[in-house]
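*Asks:* Just input-v5.pdb, nothing more (PDB, C-alpha atoms):
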```
ATOM      1  CA  ILE H   1      13.769  60.252   9.570
ATOM      2  CA  PHE H   2      16.303  57.701   8.439
ATOM      3  CA  ASN H   3      16.714  59.362   5.037
ATOM      4  CA  MET H   4      17.607  62.596   6.850
ATOM      5  CA  ILE H   5      20.084  60.795   9.076
ATOM      6  CA  SER H   6      21.693  59.061   6.113
ATOM      7  CA  THR H   7      22.016  62.337   4.241
ATOM      8  CA  ARG H   8      23.681  63.883   7.296
ATOM      9  CA  ALA H   9      26.157  61.026   7.516
ATOM     10  CA  VAL H  10      26.989  61.187   3.827
ATOM     11  CA  ARG H  11      27.561  64.949   3.872
ATOM     12  CA  LYS H  12      29.751  64.659   6.962
ATOM     13  CA  LEU H  13      31.911  62.037   5.287
ATOM     14  CA  MET H  14      32.255  64.129   2.153
ATOM     15  CA  LYS H  15      33.275  67.421   3.774
ATOM     16  CA  LYS H  16      36.948  66.774   3.133
ATOM     17  CA  LYS H  17      36.395  65.573  -0.419
ATOM     18  CA  ALA H  18      36.566  67.674  -3.565
ATOM     19  CA  ASP H  19      33.634  69.931  -4.434
ATOM     20  CA  VAL H  20      32.855  67.844  -7.480
ATOM     21  CA  ALA H  21      32.307  64.840  -5.241
ATOM     22  CA  VAL H  22      30.033  66.796  -2.920
ATOM     23  CA  ARG H  23      27.848  67.755  -5.868
ATOM     24  CA  HIS H  24      27.043  64.099  -6.373
ATOM     25  CA  PHE H  25      25.299  64.194  -3.006
ATOM     26  CA  SER H  26      23.201  67.253  -3.705
ATOM     27  CA  THR H  27      20.154  65.108  -4.488
ATOM     28  CA  PRO H  28      18.038  63.628  -1.674
ATOM     29  CA  PHE H  29      19.416  60.370  -0.343
ATOM     30  CA  SER H  30      16.132  58.575  -1.013
ATOM     31  CA  GLU H  31      16.388  59.515  -4.695
ATOM     32  CA  SER H  32      19.937  58.206  -4.958
ATOM     33  CA  LEU H  33      18.990  55.034  -3.093
ATOM     34  CA  TYR H  34      16.025  54.149  -5.233
ATOM     35  CA  GLY H  35      16.928  55.985  -8.432
ATOM     36  CA  HIS H  36      19.993  56.264 -10.620
ATOM     37  CA  GLY H  37      23.110  54.259  -9.896
ATOM     38  CA  ASP H  38      26.683  55.496 -10.165
ATOM     39  CA  PHE H  39      29.942  54.999  -8.273
ATOM     40  CA  LEU H  40      28.653  57.082  -5.355
ATOM     41  CA  HIS H  41      25.018  55.988  -5.497
ATOM     42  CA  PRO H  42      24.795  52.226  -5.962
ATOM     43  CA  THR H  43      21.546  51.028  -7.462
ATOM     44  CA  TYR H  44      19.008  49.731  -4.956
ATOM     45  CA  LEU H  45      18.194  46.078  -5.632
ATOM     46  CA  PRO H  46      14.808  45.151  -4.138
ATOM     47  CA  ARG H  47      13.683  41.686  -3.231
ATOM     48  CA  PRO H  48      10.983  40.232  -5.486
ATOM     49  CA  GLY H  49       7.662  41.626  -4.321
ATOM     50  CA  ALA H  50       9.235  44.447  -2.301
ATOM     51  CA  GLY H  51       7.264  46.986  -4.321
ATOM     52  CA  LYS H  52       3.905  45.513  -3.384
ATOM     53  CA  SER H  53       1.525  47.540  -1.272
ATOM     54  CA  LYS H  54       2.194  47.302   2.476
ATOM     55  CA  SER H  55      -0.428  47.144   5.197
ATOM     56  CA  VAL H  56      -0.319  49.756   7.961
ATOM     57  CA  ALA H  57      -2.430  49.714  11.099
ATOM     58  CA  LEU H  58      -3.789  53.190  11.881
ATOM     59  CA  ILE H  59      -4.627  53.917  15.519
ATOM     60  CA  PRO H  60      -5.927  57.509  15.769
ATOM     61  CA  GLY H  61      -5.907  57.580  19.560
ATOM     62  CA  THR H  62      -7.728  60.427  21.288
ATOM     63  CA  GLY H  63      -8.156  64.195  20.931
ATOM     64  CA  ILE H  64      -6.142  65.535  18.004
ATOM     65  CA  GLY H  65      -5.095  62.012  16.974
ATOM     66  CA  GLN H  66      -7.625  61.807  14.139
ATOM     67  CA  LEU H  67      -6.435  65.163  12.752
ATOM     68  CA  LEU H  68      -2.866  63.862  12.689
ATOM     69  CA  ILE H  69      -3.950  60.680  10.937
ATOM     70  CA  ASP H  70      -5.901  62.717   8.358
ATOM     71  CA  SER H  71      -2.810  64.817   7.587
ATOM     72  CA  VAL H  72      -0.689  61.757   6.873
ATOM     73  CA  GLU H  73      -3.380  60.082   4.779
ATOM     74  CA  GLU H  74      -3.834  63.217   2.669
ATOM     75  CA  ILE H  75      -0.103  63.488   1.956
ATOM     76  CA  PHE H  76       0.303  59.780   1.224
ATOM     77  CA  ASN H  77      -2.684  59.743  -1.138
ATOM     78  CA  HIS H  78      -1.337  62.760  -2.995
ATOM     79  CA  CYS H  79       2.090  61.096  -3.352
ATOM     80  CA  ASP H  80       0.537  57.772  -4.381
ATOM     81  CA  VAL H  81       2.302  55.868  -1.589
ATOM     82  CA  ARG H  82       1.565  52.161  -1.941
ATOM     83  CA  LEU H  83       0.013  51.487   1.458
ATOM     84  CA  ASN H  84      -3.205  49.889   2.633
ATOM     85  CA  PHE H  85      -4.467  51.473   5.835
ATOM     86  CA  GLU H  86      -6.388  49.367   8.328
ATOM     87  CA  LYS H  87      -7.994  51.527  11.014
ATOM     88  CA  PHE H  88      -8.430  50.514  14.640
ATOM     89  CA  VAL H  89     -10.599  52.966  16.535
ATOM     90  CA  ASP H  90      -9.716  51.726  19.993
ATOM     91  CA  ILE H  91      -7.593  48.816  21.228
ATOM     92  CA  LYS H  92      -7.939  47.646  24.817
ATOM     93  CA  VAL H  93      -5.426  45.659  26.818
ATOM     94  CA  ASN H  94      -7.534  42.470  26.694
ATOM     95  CA  ASP H  95      -8.630  42.791  23.049
ATOM     96  CA  LYS H  96      -6.688  39.781  21.756
ATOM     97  CA  PHE H  97      -8.383  39.784  18.347
ATOM     98  CA  ALA H  98      -7.437  43.403  17.590
ATOM     99  CA  ILE H  99      -3.874  42.869  18.830
ATOM    100  CA  ASN H 100      -3.483  39.818  16.579
ATOM    101  CA  GLN H 101      -4.777  41.844  13.612
ATOM    102  CA  VAL H 102      -2.222  44.559  14.323
ATOM    103  CA  LYS H 103       0.556  41.957  14.432
ATOM    104  CA  LYS H 104      -0.311  40.939  10.864
ATOM    105  CA  CYS H 105       0.388  44.458   9.574
ATOM    106  CA  ASP H 106       3.783  45.589   8.288
ATOM    107  CA  ALA H 107       3.825  48.708  10.477
ATOM    108  CA  VAL H 108       1.716  50.694  12.933
ATOM    109  CA  LEU H 109       0.995  54.429  12.924
ATOM    110  CA  ARG H 110      -0.433  55.626  16.237
ATOM    111  CA  GLY H 111      -1.764  58.967  17.413
ATOM    112  CA  PRO H 112      -1.753  60.138  21.050
ATOM    113  CA  VAL H 113      -3.569  57.613  23.237
ATOM    114  CA  ASN H 114      -3.904  59.945  26.215
ATOM    115  CA  GLU H 115      -3.833  63.730  26.161
ATOM    116  CA  THR H 116      -2.174  64.495  29.484
ATOM    117  CA  TYR H 117       0.395  61.855  30.464
ATOM    118  CA  GLU H 118       1.552  58.323  29.697
ATOM    119  CA  THR H 119      -0.758  55.566  30.921
ATOM    120  CA  LYS H 120      -0.864  51.789  30.692
ATOM    121  CA  GLU H 121      -2.814  52.282  27.446
ATOM    122  CA  ASP H 122       0.324  53.899  25.979
ATOM    123  CA  ILE H 123       2.742  51.155  26.936
ATOM    124  CA  PHE H 124       0.788  47.905  26.672
ATOM    125  CA  LEU H 125       0.847  47.680  22.851
ATOM    126  CA  PRO H 126       4.633  48.161  22.498
ATOM    127  CA  GLN H 127       5.108  45.507  25.174
ATOM    128  CA  ARG H 128       2.706  43.078  23.462
ATOM    129  CA  LEU H 129       4.480  43.596  20.118
ATOM    130  CA  ASP H 130       7.945  43.421  21.765
ATOM    131  CA  LEU H 131       8.907  46.865  20.469
ATOM    132  CA  TYR H 132      11.915  47.113  22.736
ATOM    133  CA  ALA H 133      13.563  50.263  21.347
ATOM    134  CA  TYR H 134      11.838  53.630  21.559
ATOM    135  CA  ILE H 135      13.546  56.343  19.513
ATOM    136  CA  VAL H 136      13.016  60.101  19.567
ATOM    137  CA  HIS H 137      14.901  62.175  16.989
ATOM    138  CA  ALA H 138      15.023  65.829  17.999
ATOM    139  CA  PHE H 139      16.618  68.152  15.454
ATOM    140  CA  SER H 140      16.453  71.866  14.748
ATOM    141  CA  ILE H 141      14.124  72.846  11.916
ATOM    142  CA  PRO H 142      14.739  76.186  10.127
ATOM    143  CA  GLY H 143      11.992  78.696  10.843
ATOM    144  CA  ILE H 144      11.129  77.377  14.307
ATOM    145  CA  ASN H 145      12.239  79.868  16.939
ATOM    146  CA  THR H 146      14.078  78.065  19.750
ATOM    147  CA  ARG H 147      16.702  79.097  22.298
ATOM    148  CA  HIS H 148      19.307  76.620  20.994
ATOM    149  CA  LYS H 149      20.276  76.022  17.364
ATOM    150  CA  ASN H 150      21.883  73.099  15.517
ATOM    151  CA  ILE H 151      20.393  70.437  17.778
ATOM    152  CA  ASP H 152      20.544  66.887  16.449
ATOM    153  CA  ILE H 153      19.905  64.357  19.238
ATOM    154  CA  VAL H 154      18.682  60.785  18.995
ATOM    155  CA  VAL H 155      17.242  59.353  22.215
ATOM    156  CA  ILE H 156      17.180  55.549  22.365
ATOM    157  CA  ARG H 157      15.118  54.256  25.271
ATOM    158  CA  GLU H 158      14.725  50.710  26.548
ATOM    159  CA  ASN H 159      11.006  50.162  26.087
ATOM    160  CA  SER H 160      10.092  46.867  27.720
ATOM    161  CA  GLU H 161      11.051  46.802  31.408
ATOM    162  CA  GLY H 162      12.364  49.025  34.208
ATOM    163  CA  GLU H 163       9.756  50.987  36.146
ATOM    164  CA  TYR H 164       7.331  50.356  33.279
ATOM    165  CA  SER H 165       7.091  46.700  34.237
ATOM    166  CA  THR H 166       4.111  47.956  36.333
ATOM    167  CA  ILE H 167       4.843  45.515  39.169
ATOM    168  CA  GLU H 168       3.746  47.073  42.427
ATOM    169  CA  HIS H 169       1.841  46.086  45.543
ATOM    170  CA  GLU H 170       0.825  47.359  48.943
ATOM    171  CA  VAL H 171       2.855  45.628  51.646
ATOM    172  CA  LEU H 172       1.007  47.205  54.555
ATOM    173  CA  SER H 173      -1.616  49.880  54.745
ATOM    174  CA  GLY H 174       0.065  53.017  53.434
ATOM    175  CA  VAL H 175       3.256  51.184  52.406
ATOM    176  CA  VAL H 176       3.709  50.499  48.672
ATOM    177  CA  GLU H 177       6.522  48.713  46.847
ATOM    178  CA  SER H 178       7.122  49.419  43.160
ATOM    179  CA  ILE H 179       9.579  47.034  41.503
ATOM    180  CA  LYS H 180      12.034  48.149  38.827
ATOM    181  CA  VAL H 181      13.012  45.185  36.668
ATOM    182  CA  THR H 182      16.379  45.230  34.860
ATOM    183  CA  THR H 183      17.637  42.156  33.004
ATOM    184  CA  LYS H 184      21.049  41.633  31.471
ATOM    185  CA  ALA H 185      19.597  40.220  28.243
ATOM    186  CA  LYS H 186      17.360  43.220  27.559
ATOM    187  CA  SER H 187      20.022  45.710  28.612
ATOM    188  CA  LEU H 188      22.468  44.136  26.160
ATOM    189  CA  ARG H 189      19.770  44.093  23.468
ATOM    190  CA  ILE H 190      19.061  47.822  23.658
ATOM    191  CA  ALA H 191      22.758  48.685  23.978
ATOM    192  CA  GLU H 192      23.533  46.666  20.856
ATOM    193  CA  TYR H 193      20.737  48.446  18.991
ATOM    194  CA  ALA H 194      22.064  51.862  20.059
ATOM    195  CA  PHE H 195      25.641  51.153  18.996
ATOM    196  CA  GLU H 196      24.552  49.559  15.741
ATOM    197  CA  TYR H 197      22.379  52.599  15.043
ATOM    198  CA  ALA H 198      25.239  54.997  15.819
ATOM    199  CA  ASN H 199      27.606  53.011  13.620
ATOM    200  CA  ILE H 200      25.252  52.915  10.632
ATOM    201  CA  THR H 201      24.391  56.627  10.888
ATOM    202  CA  ASN H 202      28.000  57.723  11.420
ATOM    203  CA  ARG H 203      27.521  59.044  14.946
ATOM    204  CA  SER H 204      30.714  59.277  16.974
ATOM    205  CA  LYS H 205      29.415  59.278  20.573
ATOM    206  CA  ILE H 206      26.800  57.578  22.726
ATOM    207  CA  THR H 207      25.875  59.006  26.131
ATOM    208  CA  CYS H 208      24.620  56.319  28.504
ATOM    209  CA  VAL H 209      22.373  57.990  31.084
ATOM    210  CA  HIS H 210      22.007  56.258  34.456
ATOM    211  CA  LYS H 211      21.719  56.589  38.237
ATOM    212  CA  ALA H 212      24.169  53.819  39.093
ATOM    213  CA  ASN H 213      25.643  55.879  41.910
ATOM    214  CA  ILE H 214      22.414  55.194  43.850
ATOM    215  CA  ILE H 215      20.712  52.282  42.048
ATOM    216  CA  LYS H 216      23.874  50.205  41.976
ATOM    217  CA  LYS H 217      22.377  46.882  40.890
ATOM    218  CA  GLY H 218      19.662  47.886  38.409
ATOM    219  CA  ASP H 219      21.263  50.885  36.709
ATOM    220  CA  GLY H 220      24.686  49.385  37.356
ATOM    221  CA  ASP H 221      23.830  46.362  35.204
ATOM    222  CA  PHE H 222      22.407  48.644  32.473
ATOM    223  CA  LEU H 223      25.634  50.662  32.453
ATOM    224  CA  ASN H 224      27.772  47.522  32.400
ATOM    225  CA  ALA H 225      25.830  46.265  29.380
ATOM    226  CA  ALA H 226      26.645  49.493  27.520
ATOM    227  CA  ARG H 227      30.311  49.130  28.458
ATOM    228  CA  GLN H 228      30.376  45.530  27.253
ATOM    229  CA  VAL H 229      28.806  46.310  23.880
ATOM    230  CA  SER H 230      31.012  49.388  23.378
ATOM    231  CA  GLU H 231      34.086  47.157  23.235
ATOM    232  CA  SER H 232      32.893  45.900  19.854
ATOM    233  CA  TYR H 233      32.620  49.461  18.513
ATOM    234  CA  PRO H 234      35.999  51.142  19.135
ATOM    235  CA  ARG H 235      35.191  54.036  16.763
ATOM    236  CA  ILE H 236      32.244  55.147  18.918
ATOM    237  CA  LYS H 237      32.981  56.906  22.202
ATOM    238  CA  LEU H 238      30.914  55.822  25.215
ATOM    239  CA  GLU H 239      30.167  58.691  27.571
ATOM    240  CA  GLU H 240      28.655  57.905  30.990
ATOM    241  CA  MET H 241      26.445  60.529  32.617
ATOM    242  CA  ILE H 242      24.222  60.563  35.695
ATOM    243  CA  VAL H 243      20.653  61.497  34.803
ATOM    244  CA  ASP H 244      20.727  64.652  36.954
ATOM    245  CA  ALA H 245      23.726  66.011  35.058
ATOM    246  CA  ALA H 246      22.245  64.893  31.734
ATOM    247  CA  CYS H 247      19.136  67.032  32.311
ATOM    248  CA  MET H 248      21.219  70.094  33.186
ATOM    249  CA  ASN H 249      23.576  69.653  30.220
ATOM    250  CA  LEU H 250      20.675  69.172  27.842
ATOM    251  CA  ILE H 251      19.291  72.570  28.828
ATOM    252  CA  THR H 252      22.647  74.374  28.770
ATOM    253  CA  HIS H 253      24.602  72.581  26.016
ATOM    254  CA  PRO H 254      22.297  70.346  23.945
ATOM    255  CA  ASP H 255      24.699  70.437  21.004
ATOM    256  CA  SER H 256      27.131  68.264  23.013
ATOM    257  CA  PHE H 257      24.861  65.210  22.639
ATOM    258  CA  GLU H 258      24.558  62.883  19.645
ATOM    259  CA  VAL H 259      22.944  59.590  20.721
ATOM    260  CA  MET H 260      21.560  59.038  24.218
ATOM    261  CA  LEU H 261      21.021  55.520  25.592
ATOM    262  CA  LEU H 262      18.642  55.321  28.552
ATOM    263  CA  PRO H 263      16.577  52.944  30.687
ATOM    264  CA  ASN H 264      12.819  53.206  30.355
ATOM    265  CA  LEU H 265      11.791  55.917  32.827
ATOM    266  CA  TYR H 266      14.749  58.231  32.177
ATOM    267  CA  GLY H 267      14.110  57.836  28.452
ATOM    268  CA  SER H 268      10.497  58.891  28.867
ATOM    269  CA  ILE H 269      11.550  62.079  30.664
ATOM    270  CA  ILE H 270      14.519  62.951  28.455
ATOM    271  CA  GLY H 271      12.497  62.234  25.301
ATOM    272  CA  ASN H 272      10.065  64.977  26.288
ATOM    273  CA  VAL H 273      12.900  67.344  27.214
ATOM    274  CA  VAL H 274      14.593  67.091  23.806
ATOM    275  CA  ALA H 275      11.237  67.520  22.054
ATOM    276  CA  GLY H 276      10.742  70.738  24.010
ATOM    277  CA  LEU H 277      14.212  71.948  23.032
ATOM    278  CA  VAL H 278      13.385  71.820  19.311
ATOM    279  CA  GLY H 279       9.903  73.328  19.544
ATOM    280  CA  GLY H 280       7.482  71.102  21.430
ATOM    281  CA  PRO H 281       5.556  67.818  21.217
ATOM    282  CA  GLY H 282       4.445  68.492  17.657
ATOM    283  CA  ILE H 283       7.984  68.682  16.254
ATOM    284  CA  ALA H 284      10.085  65.634  17.202
ATOM    285  CA  PRO H 285       9.160  62.294  15.572
ATOM    286  CA  GLY H 286       9.324  58.971  17.391
ATOM    287  CA  ALA H 287       9.362  55.260  16.673
ATOM    288  CA  ASN H 288       9.000  51.967  18.555
ATOM    289  CA  ILE H 289      11.186  49.328  16.923
ATOM    290  CA  GLY H 290      11.137  45.550  17.313
ATOM    291  CA  LYS H 291      12.395  42.586  15.324
ATOM    292  CA  SER H 292       9.305  42.109  13.182
ATOM    293  CA  VAL H 293       7.325  45.355  13.206
ATOM    294  CA  GLY H 294       7.648  49.064  13.982
ATOM    295  CA  MET H 295       5.171  51.507  15.486
ATOM    296  CA  PHE H 296       5.564  55.177  14.626
ATOM    297  CA  GLU H 297       4.207  58.166  16.529
ATOM    298  CA  GLN H 298       5.244  61.611  17.681
ATOM    299  CA  GLY H 299       8.275  61.542  19.956
ATOM    300  CA  ALA H 300       6.727  63.288  22.964
ATOM    301  CA  ARG H 301       3.791  61.136  23.965
ATOM    302  CA  CYS H 302       0.777  63.214  24.979
ATOM    303  CA  SER H 303       2.596  66.124  26.624
ATOM    304  CA  GLY H 304       0.247  69.074  27.006
ATOM    305  CA  LEU H 305      -2.050  68.018  24.189
ATOM    306  CA  SER H 306      -5.163  68.524  26.317
ATOM    307  CA  LYS H 307      -4.458  72.282  26.123
ATOM    308  CA  LEU H 308      -4.460  72.347  22.335
ATOM    309  CA  LYS H 309      -7.380  73.409  20.218
ATOM    310  CA  SER H 310      -7.829  71.395  17.051
ATOM    311  CA  GLU H 311      -6.820  74.317  14.823
ATOM    312  CA  ASN H 312      -3.490  74.556  16.683
ATOM    313  CA  ALA H 313      -2.557  70.885  16.290
ATOM    314  CA  ASN H 314       0.886  70.568  14.700
ATOM    315  CA  PRO H 315       1.209  67.425  12.539
ATOM    316  CA  THR H 316       4.940  67.898  11.840
ATOM    317  CA  ALA H 317       6.203  65.211  14.245
ATOM    318  CA  PHE H 318       3.565  62.763  13.105
ATOM    319  CA  ILE H 319       4.294  63.366   9.411
ATOM    320  CA  LEU H 320       8.046  62.957   9.988
ATOM    321  CA  ALA H 321       7.420  59.753  11.941
ATOM    322  CA  ALA H 322       5.303  58.384   9.112
TER     323      ALA H 322
END
```
Could you take the file, read its structure, and then write that structure out as structure tokens?

*Replies:*
Amino acid sequence: IFNMISTRAVRKLMKKKADVAVRHFSTPFSESLYGHGDFLHPTYLPRPGAGKSKSVALIPGTGIGQLLIDSVEEIFNHCDVRLNFEKFVDIKVNDKFAINQVKKCDAVLRGPVNETYETKEDIFLPQRLDLYAYIVHAFSIPGINTRHKNIDIVVIRENSEGEYSTIEHEVLSGVVESIKVTTKAKSLRIAEYAFEYANITNRSKITCVHKANIIKKGDGDFLNAARQVSESYPRIKLEEMIVDAACMNLITHPDSFEVMLLPNLYGSIIGNVVAGLVGGPGIAPGANIGKSVGMFEQGARCSGLSKLKSENANPTAFILAA
């Protein structure tokens, strides 16, 4: 995913340059990064031991998850990728030993945990590993027939609090309170990640999606955090959009979005919308990013997978995520 993004940024920067300069960028970015060095492609200098085999935790999940895992393993083995896979058949919320083993790995590759909708099984591992940024990259792929073309949207979702804090209780019989937790520290953390990401990948606009007109304290603080961080990135435009309008504009004019910054619940919904725009849950890759480890999966968690037969499983999103 990031190689694609980097290539896009490089080509955009070079549009106004001479054709001879553009030709220097005709090779894949990963080749220029790790291969030959010249004035446009500086030589990659690894740390000692960076080429050693990495350990990756494989969590097949349920349903078609094992088929997706098999696809990635087959490709990686063919390409001689230096990875050691450690498989975890099933990880429960209270399985401290398995969670500690996963923490020792360099990365996690996870298939769908539930085939119909997100559950606590989906969200507990990212919370335990403090994977606070959930990213979905939805982009048009040639050959896939969709209503809209030239889509290239990155959804960055706060992944650790909000409605997904799962704090709720029954006050009286038939009366339930569900608490949405929003903290300034975590709002600033995800906003900083989004702007840093946009800056590195040469994106010019971030759309902060909110409902601060109604949820004035919770979403208001999230929006204020985005405004505060944006002051340090004058090159990047901050666009503010209510979630209702964001959904409508995504369906009518998806090419107007570049990077979308959202609280947890809105990010879950919008992440599935953008995946549908580019072809469905099997197309858009996703990643959960934290300070020490990353967990990679398809961008649209679980949507409609219970309706799929195994021969119709599309591993594209999972392969791109890997």

*Asks:* Report as a Markdown table: every residue of stretch 94-187 of chain H with an atom at most 9 Å from stretch 287-290 of chain H, its closest pair of atoms, and their distance in Å to one decimal, counting only C-alpha atoms, with rows sorted by chain and ascending residue number.

*Replies:*
```
| residue | atom | partner | partner_atom | distance |
| --- | --- | --- | --- | --- |
| H:Pro126 | CA | H:Asn288 | CA | 7.0 |
| H:Leu129 | CA | H:Gly290 | CA | 7.5 |
| H:Asp130 | CA | H:Gly290 | CA | 5.9 |
| H:Leu131 | CA | H:Gly290 | CA | 4.1 |
| H:Tyr132 | CA | H:Gly290 | CA | 5.7 |
| H:Ala133 | CA | H:Ile289 | CA | 5.1 |
| H:Tyr134 | CA | H:Asn288 | CA | 4.5 |
| H:Ile135 | CA | H:Ala287 | CA | 5.2 |
| H:Val136 | CA | H:Ala287 | CA | 6.7 |
| H:His137 | CA | H:Ala287 | CA | 8.9 |
| H:Asn159 | CA | H:Asn288 | CA | 8.0 |
```

*Asks:* Please evaluate the PyMOL selection byres ((chain H and resi 255-258) around 10) against the displayed coordinates and give the resulting residues as JSON, numbers by chain.

*Replies:* {"H": [148, 149, 150, 151, 152, 153, 154, 155, 198, 203, 204, 205, 206, 207, 239, 246, 249, 250, 251, 252, 253, 254, 259, 260]}

*Asks:* Evaluate the PyMOL selection byres ((chain H and resi 241) around 9) against this structure - the residues, as an mmCIF file with C-alpha atoms, in the coordinates of the input, please.

*Replies:*
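Result saved to expr-v7.cif:
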```
data_model
loop_
_atom_site.group_PDB
_atom_site.id
_atom_site.type_symbol
_atom_site.label_atom_id
_atom_site.label_comp_id
_atom_site.auth_asym_id
_atom_site.auth_seq_id
_atom_site.Cartn_x
_atom_site.Cartn_y
_atom_site.Cartn_z
ATOM 1 C CA THR H 207 25.875 59.006 26.131
ATOM 2 C CA CYS H 208 24.620 56.319 28.504
ATOM 3 C CA VAL H 209 22.373 57.990 31.084
ATOM 4 C CA HIS H 210 22.007 56.258 34.456
ATOM 5 C CA LYS H 211 21.719 56.589 38.237
ATOM 6 C CA GLU H 239 30.167 58.691 27.571
ATOM 7 C CA GLU H 240 28.655 57.905 30.990
ATOM 8 C CA ILE H 242 24.222 60.563 35.695
ATOM 9 C CA VAL H 243 20.653 61.497 34.803
ATOM 10 C CA ASP H 244 20.727 64.652 36.954
ATOM 11 C CA ALA H 245 23.726 66.011 35.058
ATOM 12 C CA ALA H 246 22.245 64.893 31.734
#
```

*Asks:* Run the PyMOL selection byres ((chain H and resi 268) around 10) against the file shown and list the residues it catches, as a VMD selection string.

*Replies:* chain H and resid 118 134 136 155 to 159 262 to 267 269 to 273 299 to 301

*Asks:* Could you please determine the separation between atom CA of H:Glu86 and atom CA of H:Cys105 in Å, to one decimal place?

*Replies:*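 Separation of atom CA of H:Glu86 and atom CA of H:Cys105: 8.5 Å.
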
*Asks:* Please compute the atom CA of H:Ala225-atom CA of H:Arg189 distance, one decimal, in Å.

*Replies:*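 Interatomic distance, atom CA of H:Ala225 to atom CA of H:Arg189: 8.7 Å.
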
*Asks:* How far is it from atom CA of H:Gln228 to atom CA of H:Ser187, in Å with one decimal?

*Replies:*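 These two atoms are separated by 10.4 Å.
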
*Asks:* With distances taken over all atoms listed in the file, which residue among H:Thr182, H:Pro48, H:Leu261, H:Asn94 lies nearest H:Lys216?

*Replies:*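 For H:Lys216, the nearest of the candidates is H:Thr182.
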
*Asks:* Considering all atoms listed in the file, can you say which of H:Leu58, H:Val113, H:Arg147, H:Phe124 comes closest to H:Gln101?

*Replies:*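 Once distances to H:Gln101 are computed over all atoms listed in the file, the minimum belongs to H:Leu58.
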
*Asks:* Go through H:Lys180, H:Arg110, H:Lys104, H:Lys96 one by one, measure the shortest atom-to-atom distance of each to H:Ile69 using only C-alpha atoms, and give the residue with the smallest value.

*Replies:*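 When distances to H:Ile69 are compared using only C-alpha atoms, the smallest one comes from H:Arg110.
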
*Asks:* Return the single residue from H:Asn84, H:Asn199, H:Asn100, H:Ser178 that is closest to H:Lys54, with distances computed using all atoms listed in the file.

*Replies:* H:Asn84

*Asks:* Of the residues H:Asp70, H:Glu192, H:Glu161, H:Glu168, which is the one nearest to H:Phe85, using all atoms listed in the file?

*Replies:* H:Asp70

*Asks:* Restricting the calculation to all atoms listed in the file: of H:Ala138, H:Val229, H:Ile91, H:Leu109, which residue gets closest to H:Leu68?

*Replies:* H:Leu109

*Asks:* Which residues, protein or nucleic acid, reach to within 9 Å of (2.3, 53.3, 5.5) in the file's coordinates when using only C-alpha atoms, and can you give that as a PyMOL selection string?

*Replies:* chain H and resi 53-58+73+76+81-85+106-109+322

*Asks:* Using all atoms listed in the file, which residues sit within 10 Å of H:Gln66 once same-chain residues fewer than 6 positions away are excluded, as a PyMOL selection string?

*Replies:* chain H and resi 58-60+89+110-112

*Asks:* Box for stretch 185-189 of chain H: with edges along x, y and z, all listed atoms inside and 4 Å added on each side, what are the centre and edge lengths in Å to one decimal, as lines of an AutoDock Vina configuration file?

*Replies:*
```
center_x = 19.9
center_y = 43.0
center_z = 26.0
size_x = 13.1
size_y = 13.5
size_z = 13.1
```
